[in-house]
>>> print(open('start.txt').read())   # compact mmCIF, C-alpha atoms
# COMPACT_ATOMS: atom_id res chain seq x y z
CA MET P 1 -10.00 37.13 39.81
CA THR P 2 -10.36 40.89 40.33
CA PHE P 3 -12.87 43.01 38.41
CA GLY P 4 -10.04 44.59 36.43
CA GLN P 5 -8.68 41.18 35.43
CA ARG P 6 -12.13 40.03 34.34
CA LEU P 7 -12.54 43.17 32.29
CA LEU P 8 -9.16 42.57 30.64
CA VAL P 9 -10.08 38.95 29.78
CA ALA P 10 -13.40 40.11 28.33
CA PHE P 11 -11.67 42.69 26.16
CA ILE P 12 -9.06 40.23 24.94
CA VAL P 13 -11.68 37.64 24.02
CA LEU P 14 -13.89 40.22 22.30
CA GLY P 15 -10.83 41.47 20.42
CA LEU P 16 -10.03 37.96 19.27
CA ILE P 17 -13.63 37.43 18.15
CA ALA P 18 -13.40 40.68 16.19
CA LEU P 19 -10.17 39.42 14.60
CA VAL P 20 -11.87 36.16 13.60
CA MET P 21 -14.77 38.12 12.05
CA ARG P 22 -12.33 40.31 10.15
CA LEU P 23 -10.50 37.24 8.80
CA VAL P 24 -13.83 35.83 7.62
CA SER P 25 -14.76 39.09 5.90
CA ARG P 26 -11.37 39.08 4.14
CA ARG P 27 -11.98 35.46 3.06
CA GLN P 28 -8.85 34.40 4.94
CA LEU P 29 -10.79 32.09 7.26
CA SER P 30 -13.70 29.86 6.32
CA VAL P 31 -17.01 30.28 8.14
CA ASN P 32 -16.79 26.73 9.51
CA GLN P 33 -13.38 27.35 11.03
CA ALA P 34 -14.55 30.73 12.34
CA LEU P 35 -17.50 29.08 14.10
CA ILE P 36 -15.13 26.70 15.88
CA TRP P 37 -12.90 29.58 17.01
CA ILE P 38 -15.81 31.78 18.15
CA THR P 39 -17.30 28.87 20.11
CA LEU P 40 -13.95 28.25 21.80
CA LEU P 41 -13.48 31.93 22.61
CA LEU P 42 -16.98 32.30 24.02
CA GLY P 43 -16.50 29.08 26.00
CA SER P 44 -13.30 30.39 27.54
CA GLU P 45 -15.05 33.68 28.34
CA VAL P 46 -17.84 31.85 30.18
CA LEU P 47 -15.29 29.68 31.97
CA LEU P 48 -13.31 32.64 33.20
CA LEU P 49 -15.98 35.25 33.79
CA VAL P 50 -19.04 33.39 35.09
CA PRO P 51 -18.50 32.73 38.80
CA GLY P 52 -18.61 29.09 39.82
CA VAL P 53 -18.05 27.55 36.39
CA LEU P 54 -14.28 27.16 36.79
CA ALA P 55 -14.75 25.87 40.33
CA PHE P 56 -17.24 23.29 39.02
CA VAL P 57 -14.78 22.19 36.30
CA THR P 58 -12.00 21.96 38.89
CA ARG P 59 -14.13 19.68 41.06
CA LEU P 60 -15.17 17.64 37.99
CA THR P 61 -11.59 17.03 36.85
CA GLY P 62 -10.37 16.36 40.36
CA ALA P 63 -7.75 19.09 40.10
CA VAL P 64 -6.44 20.78 43.22
CA LEU P 65 -6.12 24.24 41.73
CA PRO P 66 -8.40 25.96 39.18
CA VAL P 67 -5.35 26.82 37.09
CA SER P 68 -4.55 23.09 36.72
CA ALA P 69 -8.09 22.39 35.51
CA LEU P 70 -7.84 25.29 33.09
CA THR P 71 -4.51 24.00 31.72
CA LEU P 72 -5.93 20.50 31.29
CA LEU P 73 -8.99 21.84 29.50
CA ALA P 74 -6.85 24.03 27.23
CA LEU P 75 -4.59 21.09 26.41
CA ILE P 76 -7.50 18.82 25.49
CA THR P 77 -9.17 21.56 23.44
CA LEU P 78 -6.00 22.43 21.53
CA THR P 79 -5.25 18.76 20.85
CA LEU P 80 -8.73 18.25 19.44
CA LEU P 81 -8.43 21.42 17.39
CA PHE P 82 -5.07 20.34 16.02
CA LEU P 83 -6.49 16.91 15.12
CA GLN P 84 -9.42 18.56 13.35
CA LEU P 85 -7.01 20.75 11.36
CA SER P 86 -4.85 17.74 10.48
CA VAL P 87 -7.92 15.91 9.17
CA ALA P 88 -8.90 18.98 7.14
CA VAL P 89 -5.39 19.25 5.64
CA SER P 90 -5.33 15.53 4.77
CA ARG P 91 -8.75 15.83 3.13
CA MET P 92 -7.58 18.84 1.15
CA ARG P 93 -4.48 16.95 0.03
CA GLU P 94 -6.68 14.12 -1.23
CA ARG P 95 -8.89 16.58 -3.12
CA GLN P 96 -5.82 18.28 -4.56
CA ARG P 97 -4.61 14.92 -5.89
CA GLU P 98 -7.95 14.19 -7.51
CA LEU P 99 -8.09 17.66 -9.01
CA ALA P 100 -4.55 17.43 -10.40
CA ARG P 101 -5.28 14.00 -11.87
CA SER P 102 -8.50 15.24 -13.48
CA MET P 103 -6.60 18.18 -14.98
CA ALA P 104 -3.92 15.88 -16.37
CA LEU P 105 -6.50 13.50 -17.87
CA ILE P 106 -8.48 16.33 -19.46
CA GLU P 107 -5.30 17.90 -20.85
CA ARG P 108 -4.20 14.56 -22.36
CA ARG P 109 -7.65 13.99 -23.89
CA LEU P 110 -7.65 17.50 -25.30
CA ARG P 111 -4.16 17.09 -26.71
CA ARG P 112 -5.03 13.77 -28.34
CA SER P 113 -8.24 15.13 -29.85
CA THR P 114 -6.70 18.31 -31.26
CA GLY P 115 -3.15 17.09 -31.84
CA ALA P 116 -1.97 20.32 -30.27
CA PRO P 117 1.68 20.60 -29.19
CA GLN P 118 2.37 21.09 -25.52
CA ASN P 119 3.60 24.11 -23.74
CA GLU P 120 7.29 23.23 -23.41
CA SER P 121 7.90 25.60 -20.51
CA SER P 122 5.44 23.74 -18.35
CA ARG P 123 7.28 20.49 -18.94
CA THR P 124 10.65 21.48 -17.61
CA MET I 1 -14.78 -16.46 -21.61
CA GLU I 2 -12.48 -14.22 -19.58
CA GLU I 3 -9.43 -15.88 -21.14
CA THR I 4 -10.65 -15.17 -24.68
CA ARG I 5 -11.51 -11.60 -23.80
CA ARG I 6 -8.17 -10.92 -22.20
CA ALA I 7 -6.23 -12.51 -25.08
CA ASP I 8 -8.14 -10.34 -27.54
CA ARG I 9 -7.59 -7.11 -25.69
CA ARG I 10 -4.61 -4.89 -25.16
CA PHE I 11 -2.47 -4.17 -22.13
CA LEU I 12 -1.16 -0.83 -20.95
CA ILE I 13 2.38 -0.36 -19.68
CA VAL I 14 2.37 2.48 -17.15
CA VAL I 15 5.71 4.18 -16.55
CA PRO I 16 5.72 6.69 -13.67
CA VAL I 17 8.35 9.33 -14.38
CA TYR I 18 9.81 11.79 -11.89
CA ASN I 19 13.08 13.59 -12.69
CA GLU I 20 14.46 10.84 -14.92
CA GLU I 21 15.90 12.97 -17.73
CA ARG I 22 19.10 10.92 -17.84
CA SER I 23 17.51 7.51 -18.18
CA ILE I 24 14.12 8.12 -19.77
CA ALA I 25 15.26 8.13 -23.42
CA LYS I 26 16.89 4.72 -22.90
CA VAL I 27 13.72 3.38 -21.31
CA VAL I 28 11.63 4.67 -24.24
CA GLU I 29 14.01 2.93 -26.63
CA GLN I 30 13.90 -0.23 -24.54
CA LEU I 31 10.11 -0.27 -24.51
CA LYS I 32 10.01 -0.35 -28.30
CA GLY I 33 10.69 -4.07 -27.86
CA ARG I 34 7.47 -4.58 -25.90
CA PRO I 35 4.87 -7.17 -26.92
CA SER I 36 2.73 -6.04 -29.85
CA ASP I 37 -0.46 -6.06 -27.76
CA CYS I 38 0.91 -3.50 -25.29
CA ASP I 39 0.66 0.29 -25.38
CA VAL I 40 2.79 2.57 -23.22
CA LEU I 41 1.68 5.49 -21.10
CA TYR I 42 4.26 7.67 -19.39
CA VAL I 43 2.98 9.50 -16.33
CA ASN I 44 5.17 12.56 -15.83
CA ASP I 45 4.60 13.19 -12.15
CA GLY I 46 5.41 16.89 -12.09
CA SER I 47 9.11 16.42 -12.97
CA LYS I 48 11.27 19.47 -12.35
CA ASP I 49 13.83 18.44 -14.97
CA ARG I 50 13.40 17.94 -18.74
CA SER I 51 11.78 14.47 -18.48
CA GLY I 52 8.40 15.69 -19.74
CA GLY I 53 9.92 17.58 -22.67
CA ILE I 54 12.07 14.59 -23.66
CA LEU I 55 9.03 12.31 -23.66
CA GLU I 56 7.10 14.81 -25.81
CA SER I 57 9.95 15.15 -28.28
CA LEU I 58 10.12 11.37 -28.60
CA GLY I 59 6.42 11.31 -29.50
CA CYS I 60 5.39 9.34 -26.42
CA ASP I 61 1.91 9.20 -24.98
CA VAL I 62 2.35 11.27 -21.81
CA LEU I 63 0.07 12.21 -18.98
CA HIS I 64 1.47 15.28 -17.24
CA HIS I 65 0.60 15.81 -13.59
CA PRO I 66 0.64 19.58 -13.00
CA ILE I 67 2.29 18.99 -9.61
CA ASN I 68 4.17 16.11 -8.03
CA LEU I 69 1.58 13.76 -6.56
CA GLY I 70 3.83 10.85 -5.66
CA TYR I 71 4.58 7.39 -7.02
CA VAL I 72 1.27 5.76 -6.08
CA GLU I 73 -0.78 8.58 -7.55
CA ALA I 74 1.18 8.31 -10.81
CA LEU I 75 0.27 4.63 -10.91
CA ARG I 76 -3.36 5.42 -10.14
CA SER I 77 -3.46 7.96 -12.97
CA GLY I 78 -2.25 5.19 -15.28
CA LEU I 79 -5.02 2.97 -13.94
CA ALA I 80 -7.57 5.70 -14.62
CA VAL I 81 -6.51 5.73 -18.29
CA ALA I 82 -6.44 1.92 -18.50
CA LEU I 83 -9.92 1.59 -17.04
CA ALA I 84 -11.37 4.39 -19.18
CA GLN I 85 -9.88 2.93 -22.36
CA ASP I 86 -10.91 -0.63 -21.54
CA TYR I 87 -7.47 -2.22 -21.33
CA ALA I 88 -7.33 -5.87 -20.23
CA GLY I 89 -4.56 -5.20 -17.75
CA VAL I 90 -1.71 -2.97 -16.74
CA VAL I 91 2.02 -3.42 -16.21
CA PHE I 92 3.94 -1.01 -13.99
CA PHE I 93 7.46 -0.43 -15.28
CA ASP I 94 10.02 1.86 -13.61
CA ALA I 95 11.54 4.77 -15.53
CA ASP I 96 14.99 4.47 -13.98
CA GLY I 97 16.17 1.75 -16.36
CA GLN I 98 16.28 -0.94 -13.68
CA HIS I 99 13.79 -3.25 -15.33
CA ARG I 100 14.43 -5.44 -18.38
CA ILE I 101 12.07 -5.73 -21.31
CA GLU I 102 12.42 -9.55 -21.24
CA ASP I 103 10.95 -9.61 -17.74
CA LEU I 104 8.10 -7.34 -18.78
CA CYS I 105 7.35 -9.69 -21.70
CA SER I 106 7.34 -12.73 -19.42
CA LEU I 107 4.95 -11.03 -16.97
CA VAL I 108 2.56 -10.08 -19.78
CA ALA I 109 2.77 -13.56 -21.30
CA TYR I 110 2.03 -15.16 -17.93
CA GLY I 111 -0.86 -12.79 -17.30
CA ARG I 112 -2.29 -13.46 -20.74
CA GLU I 113 -2.11 -17.22 -20.25
CA HIS I 114 -3.32 -17.26 -16.65
CA PRO I 115 -6.45 -15.14 -16.35
CA GLU I 116 -7.08 -16.58 -12.89
CA VAL I 117 -4.06 -14.62 -11.60
CA ASP I 118 -4.82 -10.99 -10.76
CA VAL I 119 -1.44 -9.64 -9.72
CA ILE I 120 1.97 -10.78 -10.94
CA ILE I 121 4.96 -9.34 -9.14
CA GLY I 122 8.45 -9.43 -10.62
CA SER I 123 10.70 -10.71 -7.83
CA ARG I 124 14.47 -10.23 -7.76
CA TYR I 125 14.68 -12.53 -4.74
CA LEU I 126 13.23 -15.47 -6.68
CA ALA I 127 16.03 -14.97 -9.18
CA GLY I 128 18.60 -15.05 -6.36
CA GLN I 129 19.34 -11.31 -6.47
CA ARG I 130 19.54 -8.94 -3.52
CA ALA I 131 18.53 -5.31 -3.01
CA ALA I 132 21.00 -2.50 -3.80
CA SER I 133 22.18 -2.17 -0.20
CA PRO I 134 22.08 -4.45 2.87
CA LEU I 135 19.86 -1.94 4.68
CA ARG I 136 17.29 -1.90 1.86
CA ASP I 137 17.53 -5.65 1.74
CA LEU I 138 16.72 -5.82 5.43
CA VAL I 139 13.80 -3.38 5.04
CA ALA I 140 12.36 -5.32 2.08
CA ARG I 141 12.68 -8.66 3.85
CA THR I 142 11.15 -7.30 7.06
CA TYR I 143 8.12 -6.03 5.15
CA SER I 144 7.85 -9.33 3.36
CA VAL I 145 7.58 -11.11 6.72
CA LEU I 146 5.20 -8.49 8.15
CA THR I 147 2.99 -8.73 5.05
CA ALA I 148 2.97 -12.52 5.38
CA ILE I 149 1.95 -12.28 9.05
CA LEU I 150 -0.87 -9.85 8.27
CA THR I 151 -2.22 -11.59 5.17
CA GLY I 152 -1.07 -15.17 5.39
CA HIS I 153 0.42 -14.80 1.92
CA ARG I 154 4.20 -14.59 1.48
CA VAL I 155 5.41 -12.20 -1.19
CA LYS I 156 9.20 -12.25 -1.29
CA ASP I 157 9.82 -8.96 -3.10
CA VAL I 158 7.27 -6.53 -1.71
CA THR I 159 9.17 -3.47 -2.97
CA SER I 160 9.28 -4.53 -6.62
CA GLY I 161 8.12 -1.88 -9.09
CA LEU I 162 7.51 -4.34 -11.91
CA LYS I 163 3.96 -5.58 -11.54
CA PHE I 164 1.21 -6.90 -13.78
CA LEU I 165 -2.38 -6.18 -12.77
CA SER I 166 -5.45 -7.76 -14.32
CA ARG I 167 -8.42 -5.50 -15.03
CA ARG I 168 -10.06 -6.75 -11.84
CA ALA I 169 -6.94 -5.81 -9.87
CA CYS I 170 -6.81 -2.42 -11.64
CA LYS I 171 -10.38 -1.68 -10.57
CA ALA I 172 -9.58 -2.73 -7.02
CA MET I 173 -6.38 -0.69 -6.81
CA TYR I 174 -8.01 2.39 -8.27
CA GLY I 175 -10.64 2.10 -5.56
CA PHE I 176 -8.09 2.11 -2.73
CA VAL I 177 -6.69 5.35 -1.43
CA LEU I 178 -3.11 4.25 -0.93
CA GLU I 179 -0.01 5.89 0.46
CA ASP I 180 2.43 3.13 -0.44
CA GLY I 181 2.37 1.30 -3.76
CA HIS I 182 4.18 -1.77 -2.52
CA ALA I 183 3.59 -3.61 0.75
CA GLU I 184 0.38 -1.72 1.59
CA LEU I 185 -0.98 -2.43 -1.89
CA ILE I 186 -0.22 -6.13 -1.55
CA ILE I 187 -2.10 -6.28 1.76
CA TYR I 188 -5.16 -4.57 0.29
CA MET I 189 -5.00 -6.87 -2.74
CA CYS I 190 -4.90 -9.93 -0.47
CA LYS I 191 -7.74 -8.62 1.65
CA HIS I 192 -9.70 -8.01 -1.56
CA GLY I 193 -9.35 -11.71 -2.42
CA LEU I 194 -7.11 -11.17 -5.45
CA THR I 195 -4.68 -13.87 -6.53
CA ILE I 196 -1.01 -12.90 -6.37
CA LYS I 197 1.85 -14.65 -8.13
CA GLU I 198 5.57 -13.86 -8.19
CA LEU I 199 7.86 -14.43 -11.15
CA PRO I 200 11.65 -14.18 -11.07
CA ILE I 201 13.17 -11.07 -12.68
CA GLN I 202 16.61 -9.52 -12.91
CA VAL I 203 16.93 -5.95 -11.66
CA ARG I 204 19.74 -3.77 -12.97
CA SER I 205 21.40 -1.22 -10.75
CA ARG I 206 20.17 2.34 -11.18
CA GLU I 207 22.30 4.35 -13.60
CA SER I 208 21.09 7.85 -12.70
CA GLY I 209 18.45 9.79 -10.80
CA SER I 210 17.57 9.21 -7.17
CA SER I 211 15.69 6.28 -5.74
CA MET I 212 12.45 6.86 -3.84
CA TYR I 213 14.24 4.93 -1.08
CA ARG I 214 17.02 7.48 -0.85
CA PHE I 215 18.95 7.90 2.38
CA SER I 216 16.92 10.81 3.76
CA LYS I 217 13.74 8.77 3.48
CA LEU I 218 15.27 5.54 4.63
CA PHE I 219 14.40 6.17 8.26
CA LEU I 220 11.00 7.74 7.68
CA TYR I 221 9.93 5.07 5.20
CA PRO I 222 9.99 2.14 7.66
CA LEU I 223 7.97 4.11 10.22
CA ARG I 224 5.40 5.24 7.64
CA THR I 225 5.12 1.84 6.04
CA THR I 226 4.85 -0.02 9.33
CA LEU I 227 1.95 2.22 10.33
CA LEU I 228 0.29 1.77 6.94
CA LEU I 229 0.75 -1.99 7.09
CA LEU I 230 -0.77 -2.18 10.54
CA VAL I 231 -3.72 -0.03 9.46
CA ALA I 232 -4.17 -2.09 6.30
CA GLY I 233 -3.56 -5.40 8.01
CA PHE I 234 -5.79 -5.01 11.01
CA GLY I 235 -8.38 -3.02 9.12
CA ALA I 236 -8.40 -0.28 11.75
CA ILE I 237 -10.12 2.04 9.33
CA GLY I 238 -11.33 -0.62 6.95
CA LEU I 239 -10.84 -0.50 3.21
CA ARG I 240 -10.98 3.16 2.38
CA ARG I 241 -12.89 3.29 -0.85
CA ASN I 242 -12.75 6.02 -3.39
CA THR I 243 -16.38 6.51 -4.21
CA ARG I 244 -15.82 9.03 -6.98
>>> encode(input="start.txt", output="structure tokens")
Amino acid sequence: MTFGQRLLVAFIVLGLIALVMRLVSRRQLSVNQALIWITLLLGSEVLLLVPGVLAFVTRLTGAVLPVSALTLLALITLTLLFLQLSVAVSRMRERQRELARSMALIERRLRRSTGAPQNESSRT
Amino acid sequence: MEETRRADRRFLIVVPVYNEERSIAKVVEQLKGRPSDCDVLYVNDGSKDRSGGILESLGCDVLHHPINLGYVEALRSGLAVALAQDYAGVVFFDADGQHRIEDLCSLVAYGREHPEVDVIIGSRYLAGQRAASPLRDLVARTYSVLTAILTGHRVKDVTSGLKFLSRRACKAMYGFVLEDGHAELIIYMCKHGLTIKELPIQVRSRESGSSMYRFSKLFLYPLRTTLLLLVAGFGAIGLRRNTR
């Protein structure tokens, strides 16, 4: 990789880290998720910019070309990331169910205790 | 002791309702003929039609889910009420008008007289009936066999919506985080050591609304359920308990 290419990779990664930070500051990304992304970005930076690391990974995976090792690593990482996100979504769905049930139970209790009529618009 | 307690206490009929505006008034009328020791709770599972409003105008006891949570969650909400209000047991009754009040009465009577039985399932197959379509019939029978293989207990009508649950079974079911209220539930019940009994019932054909086994889901349902059954049967992730 030429010096110019390395510089470009460094800029792209730093830009992405800045984007992640911005999303956190806007409360559009949780800190936990941001930590995962920053770790991944820094990892890829080390892999691409520190001489010898990619060659070591290539030897370790038994790949012929560094690009094959890089693809394999990216595939594994993205699969794990996707699995982690799926687990998070499933967990959120479970919490949403519990929350909705609690709301319904509280509303029914309240209605029974006060004898208040229901908001018809919310029932149709 | 248990027999006396159960006979003295009341049962809760839980009716999960989702977009049943055409049939729900008939079901409410039908349920007026329920046994005197039974109360009814309608769980309006985020219906988009006028089901909730109709139930309110008829003076029914309704639990309104703010969003659609699904059939099993509607049942679990009914269980939450039954457990909190100390009911002796629960009967699940469909809101589409397919179930008969006579069958509900026979399930409650059997449950009252046999406290050793935890789950009573109304079975159309025991009464010589078949499912609405040959494909559904095949699906139901396949799951019956698969459930029998996984649990060693043959339940002929695993997709029946008419079920009686003792308080012990209610506690157990509320503790499970379920995706399917039929075959998966039966497997968990068996694994939990609960006694299951089937009684013959007659199921009427659906007059209106759409079945949860509608055509679009007919292909996804077997895949989902097979996975759930295998997970439940082999205990790959164990009994997932709701600790809340």
>>> interface_residues(input="start.txt", of="chain I", to="chain P", cutoff="12 Å", atoms="all atoms listed in the file", output="ChimeraX atom specification")
/I:18-21,41-57,59-82,84-85,174,177-179,242-244
>>> atom_distance(input="start.txt", atom1="CA of Ser123 in chain I", atom2="CA of Ala140 in chain I")
11.4 Å
>>> closest_residue(input="start.txt", among="I:Cys38, I:Val117, I:Arg124, I:Val139", to="Leu220 in chain I", atoms="only C-alpha atoms")
I:Val139
>>> residues_around(input="start.txt", residues="Ala10 in chain P", least_positions_apart="6", cutoff="12 Å", atoms="only C-alpha atoms", output="list in words")
Phe3, Gly4, Leu16, Ile17, Leu41, Leu42, Gly43, Ser44, Glu45, Val46, Leu47, Leu48, Leu49 and Val50 of chain P
>>> write_last_selection(input="start.txt", atoms="C-alpha atoms", output="PDB file, in the frame of the given file")
ATOM      1  CA  PHE P   3     -12.870  43.010  38.410  1.00  0.00           C
ATOM      2  CA  GLY P   4     -10.040  44.590  36.430  1.00  0.00           C
ATOM      3  CA  LEU P  16     -10.030  37.960  19.270  1.00  0.00           C
ATOM      4  CA  ILE P  17     -13.630  37.430  18.150  1.00  0.00           C
ATOM      5  CA  LEU P  41     -13.480  31.930  22.610  1.00  0.00           C
ATOM      6  CA  LEU P  42     -16.980  32.300  24.020  1.00  0.00           C
ATOM      7  CA  GLY P  43     -16.500  29.080  26.000  1.00  0.00           C
ATOM      8  CA  SER P  44     -13.300  30.390  27.540  1.00  0.00           C
ATOM      9  CA  GLU P  45     -15.050  33.680  28.340  1.00  0.00           C
ATOM     10  CA  VAL P  46     -17.840  31.850  30.180  1.00  0.00           C
ATOM     11  CA  LEU P  47     -15.290  29.680  31.970  1.00  0.00           C
ATOM     12  CA  LEU P  48     -13.310  32.640  33.200  1.00  0.00           C
ATOM     13  CA  LEU P  49     -15.980  35.250  33.790  1.00  0.00           C
ATOM     14  CA  VAL P  50     -19.040  33.390  35.090  1.00  0.00           C
TER      15      VAL P  50
END
>>> residues_near_point(input="start.txt", point="(-0.8, 0.8, 1.4)", cutoff="10 Å", atoms="only C-alpha atoms", output="ChimeraX atom specification")
/I:72,176-189,224-233
>>> residues_around(input="start.txt", residues="range 97-114 of chain I", least_positions_apart="5", cutoff="10 Å", atoms="only C-alpha atoms", output="PyMOL selection string")
chain I and resi 3-11+13+20+22-28+30-35+37-38+88-92+119-123+160-166+197-208
>>> residues_around(input="start.txt", residues="Leu78 in chain P", least_positions_apart="6", cutoff="12 Å", atoms="all atoms listed in the file", output="compact mmCIF listing (two decimals) with C-alpha atoms, in the frame of the given file")
# COMPACT_ATOMS: atom_id res chain seq x y z
CA ILE P 36 -15.13 26.70 15.88
CA TRP P 37 -12.90 29.58 17.01
CA LEU P 40 -13.95 28.25 21.80
CA THR P 71 -4.51 24.00 31.72
CA LEU P 72 -5.93 20.50 31.29
CA GLN P 84 -9.42 18.56 13.35
CA LEU P 85 -7.01 20.75 11.36
>>> atom_distance(input="start.txt", atom1="CA of Val14 in chain I", atom2="CA of Asp39 in chain I")
8.7 Å
>>> residues_around(input="start.txt", residues="Tyr125 in chain I", least_positions_apart="4", cutoff="7 Å", atoms="all atoms listed in the file", output="PyMOL selection string")
chain I and resi 129-130+156-157
>>> residues_around(input="start.txt", residues="range 18-25 of chain P", least_positions_apart="3", cutoff="8 Å", atoms="all atoms listed in the file", output="NGL selection string")
:P and (14-15 or 28-31 or 34 or 37-38)
>>> decode(input="start.txt", residues="range 157-176 of chain I", atoms="N, CA and C atoms", output="PDB file, in the first residue's frame")
ATOM      1  N   ASP I 157     -54.961 -32.439  18.918  1.00  0.00           N
ATOM      2  CA  ASP I 157     -55.267 -31.128  18.330  1.00  0.00           C
ATOM      3  C   ASP I 157     -54.363 -30.061  18.958  1.00  0.00           C
ATOM      4  N   VAL I 158     -53.149 -29.960  18.436  1.00  0.00           N
ATOM      5  CA  VAL I 158     -52.186 -29.034  19.036  1.00  0.00           C
ATOM      6  C   VAL I 158     -52.512 -27.572  18.702  1.00  0.00           C
ATOM      7  N   THR I 159     -53.332 -27.339  17.683  1.00  0.00           N
ATOM      8  CA  THR I 159     -53.612 -25.951  17.293  1.00  0.00           C
ATOM      9  C   THR I 159     -54.926 -25.423  17.877  1.00  0.00           C
ATOM     10  N   SER I 160     -55.516 -26.176  18.784  1.00  0.00           N
ATOM     11  CA  SER I 160     -56.797 -25.744  19.362  1.00  0.00           C
ATOM     12  C   SER I 160     -56.631 -24.484  20.213  1.00  0.00           C
ATOM     13  N   GLY I 161     -57.571 -23.563  20.056  1.00  0.00           N
ATOM     14  CA  GLY I 161     -57.525 -22.320  20.845  1.00  0.00           C
ATOM     15  C   GLY I 161     -58.323 -22.416  22.126  1.00  0.00           C
ATOM     16  N   LEU I 162     -59.127 -23.472  22.253  1.00  0.00           N
ATOM     17  CA  LEU I 162     -59.947 -23.635  23.461  1.00  0.00           C
ATOM     18  C   LEU I 162     -59.191 -24.499  24.459  1.00  0.00           C
ATOM     19  N   LYS I 163     -58.720 -23.829  25.508  1.00  0.00           N
ATOM     20  CA  LYS I 163     -57.896 -24.538  26.494  1.00  0.00           C
ATOM     21  C   LYS I 163     -58.304 -24.116  27.900  1.00  0.00           C
ATOM     22  N   PHE I 164     -58.215 -25.053  28.827  1.00  0.00           N
ATOM     23  CA  PHE I 164     -58.395 -24.745  30.246  1.00  0.00           C
ATOM     24  C   PHE I 164     -57.034 -24.901  30.905  1.00  0.00           C
ATOM     25  N   LEU I 165     -56.668 -23.943  31.741  1.00  0.00           N
ATOM     26  CA  LEU I 165     -55.393 -24.027  32.461  1.00  0.00           C
ATOM     27  C   LEU I 165     -55.646 -23.876  33.954  1.00  0.00           C
ATOM     28  N   SER I 166     -55.118 -24.802  34.729  1.00  0.00           N
ATOM     29  CA  SER I 166     -55.214 -24.667  36.185  1.00  0.00           C
ATOM     30  C   SER I 166     -54.319 -23.503  36.615  1.00  0.00           C
ATOM     31  N   ARG I 167     -54.436 -23.107  37.859  1.00  0.00           N
ATOM     32  CA  ARG I 167     -53.607 -21.999  38.350  1.00  0.00           C
ATOM     33  C   ARG I 167     -52.116 -22.336  38.230  1.00  0.00           C
ATOM     34  N   ARG I 168     -51.809 -23.608  38.516  1.00  0.00           N
ATOM     35  CA  ARG I 168     -50.412 -24.053  38.401  1.00  0.00           C
ATOM     36  C   ARG I 168     -49.924 -23.890  36.950  1.00  0.00           C
ATOM     37  N   ALA I 169     -50.782 -24.277  36.018  1.00  0.00           N
ATOM     38  CA  ALA I 169     -50.419 -24.148  34.596  1.00  0.00           C
ATOM     39  C   ALA I 169     -50.326 -22.674  34.186  1.00  0.00           C
ATOM     40  N   CYS I 170     -51.207 -21.849  34.774  1.00  0.00           N
ATOM     41  CA  CYS I 170     -51.164 -20.402  34.471  1.00  0.00           C
ATOM     42  C   CYS I 170     -49.815 -19.818  34.897  1.00  0.00           C
ATOM     43  N   LYS I 171     -49.406 -20.195  36.119  1.00  0.00           N
ATOM     44  CA  LYS I 171     -48.119 -19.683  36.628  1.00  0.00           C
ATOM     45  C   LYS I 171     -46.979 -20.126  35.722  1.00  0.00           C
ATOM     46  N   ALA I 172     -47.046 -21.398  35.318  1.00  0.00           N
ATOM     47  CA  ALA I 172     -45.992 -21.930  34.456  1.00  0.00           C
ATOM     48  C   ALA I 172     -45.976 -21.201  33.118  1.00  0.00           C
ATOM     49  N   MET I 173     -47.161 -21.054  32.506  1.00  0.00           N
ATOM     50  CA  MET I 173     -47.208 -20.426  31.176  1.00  0.00           C
ATOM     51  C   MET I 173     -46.784 -18.973  31.240  1.00  0.00           C
ATOM     52  N   TYR I 174     -47.159 -18.294  32.306  1.00  0.00           N
ATOM     53  CA  TYR I 174     -46.776 -16.883  32.414  1.00  0.00           C
ATOM     54  C   TYR I 174     -45.259 -16.749  32.538  1.00  0.00           C
ATOM     55  N   GLY I 175     -44.641 -17.792  33.088  1.00  0.00           N
ATOM     56  CA  GLY I 175     -43.185 -17.771  33.247  1.00  0.00           C
ATOM     57  C   GLY I 175     -42.428 -18.029  31.955  1.00  0.00           C
ATOM     58  N   PHE I 176     -43.084 -18.682  30.988  1.00  0.00           N
ATOM     59  CA  PHE I 176     -42.390 -18.966  29.727  1.00  0.00           C
ATOM     60  C   PHE I 176     -42.470 -17.754  28.814  1.00  0.00           C
TER      61      PHE I 176
END
